[in-house]
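The file work-v6.tsv contains TSV, C-alpha atoms and all ligand atoms:
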chain	number	residue	atom	x	y	z
A	1	VAL	CA	-189.52	-148.51	25.68
A	2	PRO	CA	-188.95	-144.93	26.80
A	3	GLU	CA	-185.33	-144.06	27.60
A	4	LEU	CA	-186.19	-142.33	30.87
A	5	ALA	CA	-188.90	-142.94	33.47
A	6	LEU	CA	-189.66	-140.19	35.95
A	7	ILE	CA	-191.03	-141.57	39.19
A	8	ILE	CA	-192.98	-138.97	41.12
A	9	PRO	CA	-194.47	-139.79	44.54
A	10	THR	CA	-197.54	-137.77	45.37
A	11	PHE	CA	-199.65	-137.10	48.38
A	12	LYS	CA	-202.14	-134.25	48.08
A	13	GLU	CA	-200.46	-132.59	45.11
A	14	ALA	CA	-203.45	-132.07	42.78
A	15	LYS	CA	-202.66	-128.42	42.12
A	16	ASN	CA	-199.06	-129.14	41.18
A	17	ILE	CA	-199.66	-131.86	38.58
A	18	VAL	CA	-200.50	-129.77	35.52
A	19	PRO	CA	-197.76	-127.15	36.03
A	20	LEU	CA	-195.27	-129.95	36.69
A	21	LEU	CA	-196.14	-131.86	33.51
A	22	GLU	CA	-195.85	-128.63	31.49
A	23	LYS	CA	-192.43	-127.94	32.91
A	24	LEU	CA	-191.32	-131.51	32.28
A	25	GLU	CA	-192.44	-131.32	28.66
A	26	ALA	CA	-190.59	-128.01	28.24
A	27	ALA	CA	-187.41	-129.53	29.66
A	28	LEU	CA	-187.61	-133.02	28.17
A	29	GLY	CA	-189.71	-132.54	25.04
A	30	ALA	CA	-186.86	-133.72	22.85
A	31	GLN	CA	-186.38	-136.93	24.86
A	32	ASP	CA	-188.27	-140.17	24.99
A	33	TYR	CA	-189.65	-140.29	28.53
A	34	GLU	CA	-192.59	-141.42	30.65
A	35	VAL	CA	-193.97	-140.16	33.93
A	36	ILE	CA	-195.16	-142.56	36.62
A	37	PHE	CA	-196.89	-140.98	39.57
A	38	VAL	CA	-197.27	-143.10	42.69
A	39	ASP	CA	-200.14	-141.71	44.71
A	40	ASP	CA	-201.19	-142.88	48.16
A	41	ASP	CA	-204.89	-142.32	47.57
A	42	SER	CA	-204.71	-138.57	48.16
A	43	PRO	CA	-208.06	-137.21	49.35
A	44	ASP	CA	-207.73	-134.25	46.97
A	45	GLY	CA	-208.21	-136.48	43.91
A	46	THR	CA	-204.62	-136.37	42.66
A	47	ALA	CA	-204.88	-139.89	41.18
A	48	ASP	CA	-208.14	-139.20	39.31
A	49	LEU	CA	-206.64	-136.05	37.87
A	50	ILE	CA	-203.56	-137.91	36.64
A	51	ARG	CA	-205.72	-140.63	35.04
A	52	SER	CA	-207.76	-137.97	33.26
A	53	ILE	CA	-204.55	-136.53	31.83
A	54	GLY	CA	-203.28	-140.00	30.96
A	55	ILE	CA	-206.27	-140.58	28.69
A	56	HIS	CA	-204.83	-138.04	26.27
A	57	ASP	CA	-201.17	-138.43	27.11
A	58	PRO	CA	-199.85	-142.02	27.09
A	59	LYS	CA	-196.58	-140.82	28.66
A	60	VAL	CA	-198.44	-140.25	31.92
A	61	ARG	CA	-199.85	-142.83	34.33
A	62	VAL	CA	-200.50	-143.36	38.00
A	63	ILE	CA	-200.05	-146.20	40.43
A	64	GLN	CA	-202.65	-145.62	43.12
A	65	ARG	CA	-202.01	-147.33	46.44
A	66	ILE	CA	-204.91	-147.69	48.82
A	67	GLY	CA	-204.43	-147.88	52.57
A	68	ARG	CA	-200.69	-147.28	52.27
A	69	ARG	CA	-198.38	-144.39	53.02
A	70	GLY	CA	-194.69	-143.83	52.56
A	71	LEU	CA	-192.48	-141.89	50.24
A	72	SER	CA	-189.70	-144.47	49.96
A	73	SER	CA	-191.89	-147.46	49.20
A	74	ALA	CA	-193.88	-145.36	46.71
A	75	CYS	CA	-190.70	-144.57	44.78
A	76	MET	CA	-189.53	-148.18	44.87
A	77	GLU	CA	-192.83	-149.45	43.52
A	78	GLY	CA	-192.80	-146.84	40.78
A	79	MET	CA	-189.31	-147.87	39.73
A	80	LEU	CA	-190.38	-151.51	39.64
A	81	ALA	CA	-193.24	-150.66	37.30
A	82	THR	CA	-191.27	-149.53	34.26
A	83	ASN	CA	-188.95	-151.01	31.65
A	84	ALA	CA	-187.02	-147.80	31.00
A	85	PRO	CA	-183.24	-148.20	31.36
A	86	TYR	CA	-182.87	-144.96	33.32
A	87	LEU	CA	-185.01	-144.08	36.33
A	88	ALA	CA	-185.33	-140.66	37.89
A	89	VAL	CA	-187.07	-139.77	41.14
A	90	MET	CA	-188.31	-136.27	41.88
A	91	ASP	CA	-190.92	-134.44	43.96
A	92	ALA	CA	-194.23	-133.32	42.52
A	93	ASP	CA	-194.18	-129.88	44.13
A	94	LEU	CA	-191.86	-128.14	41.64
A	95	GLN	CA	-189.12	-127.75	44.26
A	96	HIS	CA	-186.77	-129.84	42.15
A	97	ASP	CA	-185.49	-128.01	39.10
A	98	GLU	CA	-186.54	-130.17	36.14
A	99	ARG	CA	-184.30	-128.18	33.79
A	100	ILE	CA	-181.27	-130.18	34.87
A	101	LEU	CA	-182.87	-133.50	33.87
A	102	PRO	CA	-181.40	-133.51	30.32
A	103	GLU	CA	-177.93	-132.96	31.80
A	104	MET	CA	-178.46	-135.76	34.33
A	105	LEU	CA	-179.59	-138.07	31.54
A	106	ARG	CA	-176.64	-137.16	29.36
A	107	VAL	CA	-174.21	-137.91	32.20
A	108	ILE	CA	-175.75	-141.29	33.03
A	109	GLN	CA	-176.07	-142.32	29.37
A	110	GLN	CA	-172.29	-142.22	29.05
A	111	GLY	CA	-172.44	-145.55	30.87
A	112	GLU	CA	-169.67	-145.05	33.41
A	113	ILE	CA	-171.77	-144.34	36.46
A	114	ASP	CA	-174.72	-145.79	38.37
A	115	VAL	CA	-176.24	-142.75	40.04
A	116	VAL	CA	-176.58	-139.04	39.28
A	117	VAL	CA	-177.60	-136.97	42.28
A	118	ALA	CA	-179.15	-133.55	41.85
A	119	SER	CA	-177.27	-131.76	44.60
A	120	ARG	CA	-177.87	-128.56	46.53
A	121	HIS	CA	-174.41	-128.73	48.06
A	122	VAL	CA	-172.00	-128.64	45.15
A	123	GLU	CA	-170.73	-125.57	43.32
A	124	GLY	CA	-173.70	-123.96	41.58
A	125	GLY	CA	-176.31	-125.58	43.82
A	126	GLY	CA	-178.26	-124.04	46.68
A	127	LEU	CA	-180.93	-124.46	49.26
A	128	GLY	CA	-183.02	-121.46	48.23
A	129	ASN	CA	-185.33	-120.32	51.03
A	130	PHE	CA	-184.73	-123.43	53.08
A	131	ALA	CA	-185.75	-122.93	56.72
A	132	ALA	CA	-182.82	-122.76	59.15
A	133	HIS	CA	-183.80	-125.92	61.03
A	134	ARG	CA	-184.16	-127.83	57.75
A	135	ARG	CA	-180.68	-126.66	56.85
A	136	MET	CA	-179.34	-128.11	60.10
A	137	ILE	CA	-181.12	-131.43	59.58
A	138	SER	CA	-179.75	-131.55	56.08
A	139	ASP	CA	-176.18	-130.80	57.21
A	140	GLY	CA	-176.35	-133.24	60.10
A	141	GLY	CA	-177.69	-135.92	57.82
A	142	LYS	CA	-174.83	-135.34	55.43
A	143	GLN	CA	-172.28	-136.09	58.14
A	144	LEU	CA	-174.12	-139.08	59.58
A	145	SER	CA	-174.78	-140.66	56.24
A	146	ARG	CA	-171.06	-141.08	55.63
A	147	ILE	CA	-171.33	-143.89	58.15
A	148	VAL	CA	-173.65	-145.97	56.01
A	149	CYS	CA	-172.83	-144.84	52.47
A	150	LYS	CA	-170.50	-146.73	50.24
A	151	CYS	CA	-169.59	-143.55	48.44
A	152	ASP	CA	-168.91	-139.85	48.84
A	153	VAL	CA	-171.98	-137.76	48.19
A	154	SER	CA	-172.57	-134.12	49.13
A	155	ASP	CA	-176.37	-134.34	49.23
A	156	PRO	CA	-177.42	-137.81	50.44
A	157	MET	CA	-180.78	-136.42	51.58
A	158	SER	CA	-181.69	-135.43	48.06
A	159	GLY	CA	-185.03	-136.67	46.83
A	160	PHE	CA	-183.96	-135.87	43.26
A	161	PHE	CA	-181.71	-138.36	41.49
A	162	MET	CA	-181.34	-140.71	38.54
A	163	VAL	CA	-180.18	-144.34	38.58
A	164	THR	CA	-179.57	-147.08	36.06
A	165	ARG	CA	-181.92	-150.04	36.15
A	166	PRO	CA	-179.15	-152.59	36.95
A	167	PHE	CA	-177.99	-150.49	39.88
A	168	PHE	CA	-181.52	-150.18	41.21
A	169	HIS	CA	-182.13	-153.92	40.96
A	170	SER	CA	-178.84	-154.75	42.63
A	171	ALA	CA	-179.82	-152.73	45.70
A	172	VAL	CA	-183.60	-152.84	45.95
A	173	ARG	CA	-183.91	-156.07	47.91
A	174	GLN	CA	-181.63	-154.81	50.66
A	175	THR	CA	-183.41	-151.50	51.15
A	176	SER	CA	-185.44	-150.85	54.26
A	177	SER	CA	-188.06	-148.71	52.53
A	178	ILE	CA	-188.93	-146.83	55.68
A	179	GLY	CA	-189.14	-143.08	55.74
A	180	PHE	CA	-188.01	-140.41	53.36
A	181	LYS	CA	-184.40	-141.25	52.72
A	182	ILE	CA	-184.74	-143.22	49.56
A	183	LEU	CA	-181.46	-142.20	47.93
A	184	LEU	CA	-179.46	-142.86	51.06
A	185	ASP	CA	-181.24	-146.18	51.46
A	186	LEU	CA	-180.30	-147.23	47.92
A	187	LEU	CA	-176.69	-146.07	48.29
A	188	ALA	CA	-176.31	-147.86	51.61
A	189	SER	CA	-177.90	-151.03	50.23
A	190	SER	CA	-175.73	-151.40	47.16
A	191	PRO	CA	-173.59	-154.54	47.25
A	192	ASN	CA	-170.85	-152.78	45.24
A	193	PRO	CA	-169.11	-149.42	45.53
A	194	VAL	CA	-171.39	-146.88	43.87
A	195	ARG	CA	-170.15	-144.89	40.89
A	196	LEU	CA	-171.76	-141.53	41.43
A	197	ARG	CA	-171.80	-138.05	39.93
A	198	GLU	CA	-173.55	-134.91	41.16
A	199	VAL	CA	-175.24	-132.17	39.19
A	200	PRO	CA	-175.99	-128.87	40.97
A	201	TYR	CA	-179.40	-127.25	41.28
A	202	VAL	CA	-181.11	-124.70	43.50
A	203	PHE	CA	-184.01	-125.93	45.62
A	204	ARG	CA	-187.15	-123.94	44.80
A	205	ASP	CA	-190.08	-122.91	46.98
A	206	ARG	CA	-193.16	-125.06	47.00
A	207	LEU	CA	-195.87	-123.73	44.68
A	208	HIS	CA	-199.02	-125.27	46.20
A	209	GLY	CA	-199.80	-127.46	49.19
A	210	GLU	CA	-197.53	-128.15	52.10
A	211	SER	CA	-194.53	-130.26	53.02
A	212	LYS	CA	-195.27	-133.69	54.52
A	213	LEU	CA	-191.82	-133.89	55.96
A	214	ASP	CA	-191.63	-132.94	59.63
A	215	SER	CA	-189.32	-133.44	62.58
A	216	ASN	CA	-189.86	-137.16	61.99
A	217	VAL	CA	-187.15	-137.07	59.37
A	218	ILE	CA	-184.61	-137.12	62.16
A	219	TRP	CA	-186.19	-140.26	63.51
A	220	ASP	CA	-186.44	-141.81	60.05
A	221	PHE	CA	-182.84	-141.09	59.61
A	222	LEU	CA	-181.71	-142.67	62.87
A	223	ALA	CA	-183.88	-145.67	62.08
A	224	LEU	CA	-182.16	-146.05	58.72
A	225	ILE	CA	-178.69	-145.83	60.27
A	226	ALA	CA	-179.71	-148.41	62.90
A	227	GLU	CA	-181.19	-150.66	60.23
A	228	LYS	CA	-177.99	-150.54	58.21
A	229	SER	CA	-175.77	-151.26	61.20
A	230	VAL	CA	-177.58	-153.70	63.53
A	231	GLY	CA	-180.56	-154.57	61.31
A	232	ASN	CA	-178.91	-157.74	59.99
A	233	TYR	CA	-178.91	-159.25	63.46
A	234	VAL	CA	-182.03	-157.98	65.27
A	235	PRO	CA	-185.09	-156.24	63.82
A	236	VAL	CA	-184.58	-152.52	64.41
A	237	ARG	CA	-188.16	-152.14	65.53
A	238	PHE	CA	-187.59	-154.66	68.29
A	239	VAL	CA	-184.56	-152.68	69.46
A	240	PHE	CA	-186.70	-149.54	69.68
A	241	PHE	CA	-189.48	-151.51	71.37
A	242	SER	CA	-187.00	-152.64	74.01
A	243	LEU	CA	-185.68	-149.11	74.49
A	244	ALA	CA	-189.24	-147.86	75.00
A	245	GLY	CA	-189.70	-150.66	77.55
A	246	LEU	CA	-186.58	-149.45	79.35
A	247	GLY	CA	-188.06	-145.92	79.36
A	248	GLY	CA	-191.24	-147.32	80.90
A	249	ALA	CA	-189.24	-149.15	83.56
A	250	LEU	CA	-187.44	-145.93	84.54
A	251	VAL	CA	-190.76	-144.13	84.87
A	252	HIS	CA	-192.06	-147.02	86.99
A	253	LEU	CA	-189.16	-146.91	89.42
A	254	THR	CA	-189.27	-143.11	89.65
A	255	ILE	CA	-192.94	-143.13	90.58
A	256	LEU	CA	-192.43	-145.94	93.07
A	257	TRP	CA	-189.65	-143.94	94.69
A	258	LEU	CA	-191.65	-140.70	94.76
A	259	LEU	CA	-194.72	-142.39	96.24
A	260	GLY	CA	-192.50	-144.10	98.81
A	261	LYS	CA	-192.00	-140.69	100.41
A	262	GLN	CA	-195.77	-140.41	100.93
A	263	SER	CA	-196.46	-142.17	104.23
A	264	ASP	CA	-200.18	-142.61	103.52
A	265	VAL	CA	-199.67	-144.55	100.27
A	266	SER	CA	-199.24	-148.31	100.72
A	267	PHE	CA	-196.61	-150.21	98.74
A	268	ALA	CA	-199.22	-152.17	96.81
A	269	MET	CA	-200.98	-148.94	95.87
A	270	ALA	CA	-197.73	-147.29	94.78
A	271	GLN	CA	-196.75	-150.32	92.71
A	272	THR	CA	-200.17	-150.37	91.03
A	273	VAL	CA	-200.03	-146.68	90.12
A	274	ALA	CA	-196.44	-147.02	88.89
A	275	THR	CA	-197.38	-150.04	86.75
A	276	PHE	CA	-200.24	-148.24	85.04
A	277	VAL	CA	-198.38	-145.01	84.41
A	278	ALA	CA	-195.40	-146.99	83.10
A	279	MET	CA	-197.64	-148.91	80.70
A	280	ILE	CA	-199.14	-145.70	79.36
A	281	VAL	CA	-195.72	-144.10	78.93
A	282	ASN	CA	-194.44	-147.26	77.31
A	283	PHE	CA	-197.38	-147.25	74.91
A	284	LEU	CA	-196.90	-143.58	74.00
A	285	LEU	CA	-193.17	-144.04	73.44
A	286	ASN	CA	-193.84	-146.95	71.12
A	287	ASN	CA	-196.50	-144.99	69.30
A	288	LEU	CA	-194.12	-142.09	68.80
A	289	LEU	CA	-190.93	-144.00	68.05
A	290	THR	CA	-191.14	-147.71	67.36
A	291	PHE	CA	-194.26	-147.58	65.22
A	292	ARG	CA	-194.17	-143.97	64.17
A	293	ASP	CA	-194.84	-144.86	60.54
A	294	ARG	CA	-198.08	-146.52	61.69
A	295	ARG	CA	-198.73	-143.96	64.43
A	296	LEU	CA	-202.20	-143.99	65.98
A	297	LYS	CA	-203.98	-140.67	66.24
A	298	GLY	CA	-207.15	-139.32	67.86
A	299	ILE	CA	-209.59	-141.90	69.22
A	300	ARG	CA	-207.45	-144.74	67.87
A	301	ILE	CA	-204.95	-143.94	70.62
A	302	VAL	CA	-207.49	-145.06	73.21
A	303	TYR	CA	-208.32	-148.35	71.43
A	304	GLY	CA	-204.62	-148.88	70.86
A	305	LEU	CA	-203.85	-148.37	74.53
A	306	ILE	CA	-206.48	-150.93	75.50
A	307	THR	CA	-205.16	-153.64	73.13
A	308	PHE	CA	-201.63	-152.79	74.26
A	309	ILE	CA	-202.48	-153.26	77.94
A	310	VAL	CA	-204.36	-156.51	77.28
A	311	ALA	CA	-201.53	-157.91	75.14
A	312	CYS	CA	-198.87	-156.92	77.66
A	313	SER	CA	-200.82	-158.40	80.56
A	314	ILE	CA	-200.94	-161.75	78.78
A	315	GLY	CA	-197.23	-161.33	78.07
A	316	ALA	CA	-196.59	-160.73	81.75
A	317	LEU	CA	-198.50	-163.91	82.69
A	318	GLY	CA	-196.45	-165.93	80.20
A	319	ASN	CA	-193.28	-164.32	81.49
A	320	ILE	CA	-194.04	-165.15	85.12
A	321	SER	CA	-195.15	-168.72	84.40
A	322	LEU	CA	-192.10	-169.55	82.32
A	323	ALA	CA	-189.69	-167.93	84.78
A	324	GLU	CA	-191.29	-169.85	87.64
A	325	PHE	CA	-191.12	-173.12	85.70
A	326	CYS	CA	-187.43	-172.60	84.92
A	327	TYR	CA	-186.63	-171.60	88.48
A	328	GLU	CA	-188.36	-174.62	89.93
A	329	HIS	CA	-186.43	-176.87	87.58
A	330	GLY	CA	-183.14	-175.64	88.94
A	331	MET	CA	-182.27	-172.71	86.71
A	332	PRO	CA	-180.37	-169.93	88.55
A	333	ARG	CA	-182.69	-167.20	89.82
A	334	MET	CA	-181.50	-164.31	87.62
A	335	LEU	CA	-181.29	-166.46	84.50
A	336	ALA	CA	-184.85	-167.73	85.02
A	337	GLY	CA	-186.02	-164.14	85.43
A	338	ALA	CA	-184.25	-163.10	82.23
A	339	VAL	CA	-185.74	-166.02	80.27
A	340	GLY	CA	-189.22	-164.92	81.36
A	341	LEU	CA	-188.42	-161.32	80.44
A	342	VAL	CA	-187.27	-162.26	76.93
A	343	LEU	CA	-190.37	-164.38	76.30
A	344	GLY	CA	-192.61	-161.59	77.62
A	345	SER	CA	-191.06	-158.87	75.50
A	346	VAL	CA	-190.95	-160.91	72.31
A	347	TRP	CA	-194.62	-161.79	72.83
A	348	ASN	CA	-195.53	-158.15	73.57
A	349	TYR	CA	-193.65	-156.99	70.52
A	350	GLY	CA	-195.18	-159.57	68.22
A	351	VAL	CA	-198.74	-159.18	69.39
A	352	THR	CA	-198.80	-155.39	69.60
A	353	SER	CA	-197.23	-155.04	66.16
A	354	LEU	CA	-199.96	-157.32	64.79
A	355	TYR	CA	-202.94	-155.83	66.65
A	356	THR	CA	-202.15	-152.46	68.19
A	357	TRP	CA	-200.07	-151.10	65.32
A	358	ARG	CA	-201.41	-153.13	62.44
A	359	SER	CA	-199.69	-152.18	59.19
A	360	GLY	CA	-201.76	-151.00	56.29
A	361	VAL	CA	-204.38	-149.22	58.39
A	362	ARG	CA	-205.36	-145.89	56.98
A	363	LYS	CA	-204.18	-142.90	59.00
A	401	LIG	N1	-196.92	-141.53	47.53
A	401	LIG	C1	-196.54	-140.75	48.55
A	401	LIG	N2	-196.76	-141.17	49.83
A	401	LIG	N3	-195.95	-139.57	48.30
A	401	LIG	C2	-195.58	-138.80	49.34
A	401	LIG	C3	-195.78	-139.17	50.69
A	401	LIG	C4	-196.42	-140.43	50.93
A	401	LIG	O1	-196.64	-140.86	52.06
A	401	LIG	N4	-195.30	-138.17	51.48
A	401	LIG	C5	-194.82	-137.24	50.65
A	401	LIG	N5	-194.99	-137.59	49.36
A	401	LIG	C6	-194.60	-136.87	48.16
A	401	LIG	C7	-195.04	-135.43	48.10
A	401	LIG	O2	-196.32	-135.30	47.52
A	401	LIG	C8	-193.95	-134.80	47.25
A	401	LIG	O3	-194.19	-134.96	45.87
A	401	LIG	C9	-192.71	-135.59	47.61
A	401	LIG	O4	-193.19	-136.83	48.14
A	401	LIG	C10	-191.83	-134.89	48.65
A	401	LIG	O5	-192.62	-134.56	49.78
A	401	LIG	P1	-192.52	-133.12	50.45
A	401	LIG	O6	-193.51	-133.13	51.57
A	401	LIG	O7	-192.61	-132.05	49.43
A	401	LIG	O8	-191.04	-133.20	51.06
A	401	LIG	P2	-190.06	-131.99	51.31
A	401	LIG	O9	-190.04	-131.03	50.20
A	401	LIG	O10	-190.32	-131.45	52.67
A	401	LIG	O11	-188.67	-132.80	51.36
A	401	LIG	C11	-187.86	-132.91	50.21
A	401	LIG	O12	-186.56	-132.61	50.57
A	401	LIG	C12	-185.90	-133.57	51.40
A	401	LIG	C13	-184.51	-133.13	51.67
A	401	LIG	O13	-184.44	-132.08	52.50
A	401	LIG	C14	-187.96	-134.30	49.60
A	401	LIG	O14	-187.33	-134.27	48.32
A	401	LIG	C15	-187.26	-135.36	50.41
A	401	LIG	O15	-187.20	-136.57	49.65
A	401	LIG	C16	-185.87	-134.90	50.72
A	401	LIG	O16	-185.26	-135.84	51.55
A	402	MN	MN	-191.25	-130.66	48.74
Output the structure of this file as structure tokens.
Ligand code: GDD
Ligand code: MN
Amino acid sequence: VPELALIIPTFKEAKNIVPLLEKLEAALGAQDYEVIFVDDDSPDGTADLIRSIGIHDPKVRVIQRIGRRGLSSACMEGMLATNAPYLAVMDADLQHDERILPEMLRVIQQGEIDVVVASRHVEGGGLGNFAAHRRMISDGGKQLSRIVCKCDVSDPMSGFFMVTRPFFHSAVRQTSSIGFKILLDLLASSPNPVRLREVPYVFRDRLHGESKLDSNVIWDFLALIAEKSVGNYVPVRFVFFSLAGLGGALVHLTILWLLGKQSDVSFAMAQTVATFVAMIVNFLLNNLLTFRDRRLKGIRIVYGLITFIVACSIGALGNISLAEFCYEHGMPRMLAGAVGLVLGSVWNYGVTSLYTWRSGVRK
């Protein structure tokens, strides 16, 4: 069994693979290691390229996932696919300095710690030409992550780290696997205090291709914090679904109020317009926030909107019928209304997450 497994998630990184493997061999040639790429069926043929290299180099293989996306889950699945006692995660785009890997391995092999983080924020590390807004996100994340972390870490957003297999297995079942923040997710999911060390490095510029990380990281991040705080009690997605519903309700009332000033618009007309606009806003909010990892784009938005409206209309019927039933059987008015509302929203959430935002659809 190799001593070290490098887990490298890839999406459209074909041009970086050969230079990366050369650099890894230069840095780790003296060590016993393997490289597991986890590729989400990149259209540029990244997986085929890796397989063609693997034919001649048994250290190299690829797990190709079809119809899936996600950096965190890719890394987790890669780590679950090896027997090596030490597992490292790094990017494929040469931004992570592979020359510190031997030092990271040496530190973790001493057996006193669980995690070595390659950090841009300790003495000797740096962000390189990191864009100003990325710097802010990174700093903000550092502060916020103290809330969920069971340890002190200067660079919790790092996508470059090494863990021991027992540590990984102790935490993996509690992780949420959404978004980019895999290290933070593991640290926050550990049942025990994490013994952690940091090794400095300077973030490099990307060689080929482009970053897949966008402003969504902020959202990912908030979702992770929410998951780690309230997620044990209510599904985080349902919380966001309800918030989006609240947003829709505000839009509804605003429109109703605005149209009320128009003397030529009847109440029924105003309520109808408000209902439709609110549904569309509600749908868009859910598409952007609640289900952003399964976000619909292009023409799928239209189909999605239709299934959303159909599902929610059925939900509304169920809501009204149940509320009426409860009311007629003596339940207080407001309570009956609330019971109907809860049934309606749980139904809407369940059905739209199954049909409108089906998981596993290719984006
Ligand atoms: N399998 C898979 N699936 N891989 C992906 C996906 C995906 O959906 N999205 C991105 N990747 C791969 C990329 O191909 C790359 O190897 C690595 O994940 C990181 O993606 P980048 O798009 O290069 O991210 P970045 O450089 O903007 O962000 C880096 O810095 C962040 C901290 O600021 C990453 O290291 C992040 O993990 C880190 O949080
Ligand atoms: Mn990158």
#### Entry: atom CA of A:Lys15 to atom N4 of ligand LIG 401 (chain A), straight-line distance in Å
15.4 Å
### Message
Which residues are near ligand MN 402 (chain A) in this structure, taking near to mean any atom at most 10 Å from a ligand atom and counting only C-alpha atoms and all ligand atoms? Format them as a VMD selection string.
### Response
chain A and resid 90 to 96 159 203 to 213
### Query
How many Å separate atom CA of A:Thr164 from atom CA of A:Asp114?
5.5 Å
### Query
Using only C-alpha atoms, which of the listed residues (A:Ile100, A:Val202, A:Ile63, A:Ala47) sits closest to A:Val122?
A:Val202
#### Entry: Proximity to ligand LIG 401 (chain A) - best of A:Gly29, A:Lys181, A:Phe161, A:Arg51, all atoms listed in the file
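Of A:Gly29, A:Lys181, A:Phe161, A:Arg51, the one nearest ligand LIG 401 (chain A), counting all atoms listed in the file, is A:Lys181.
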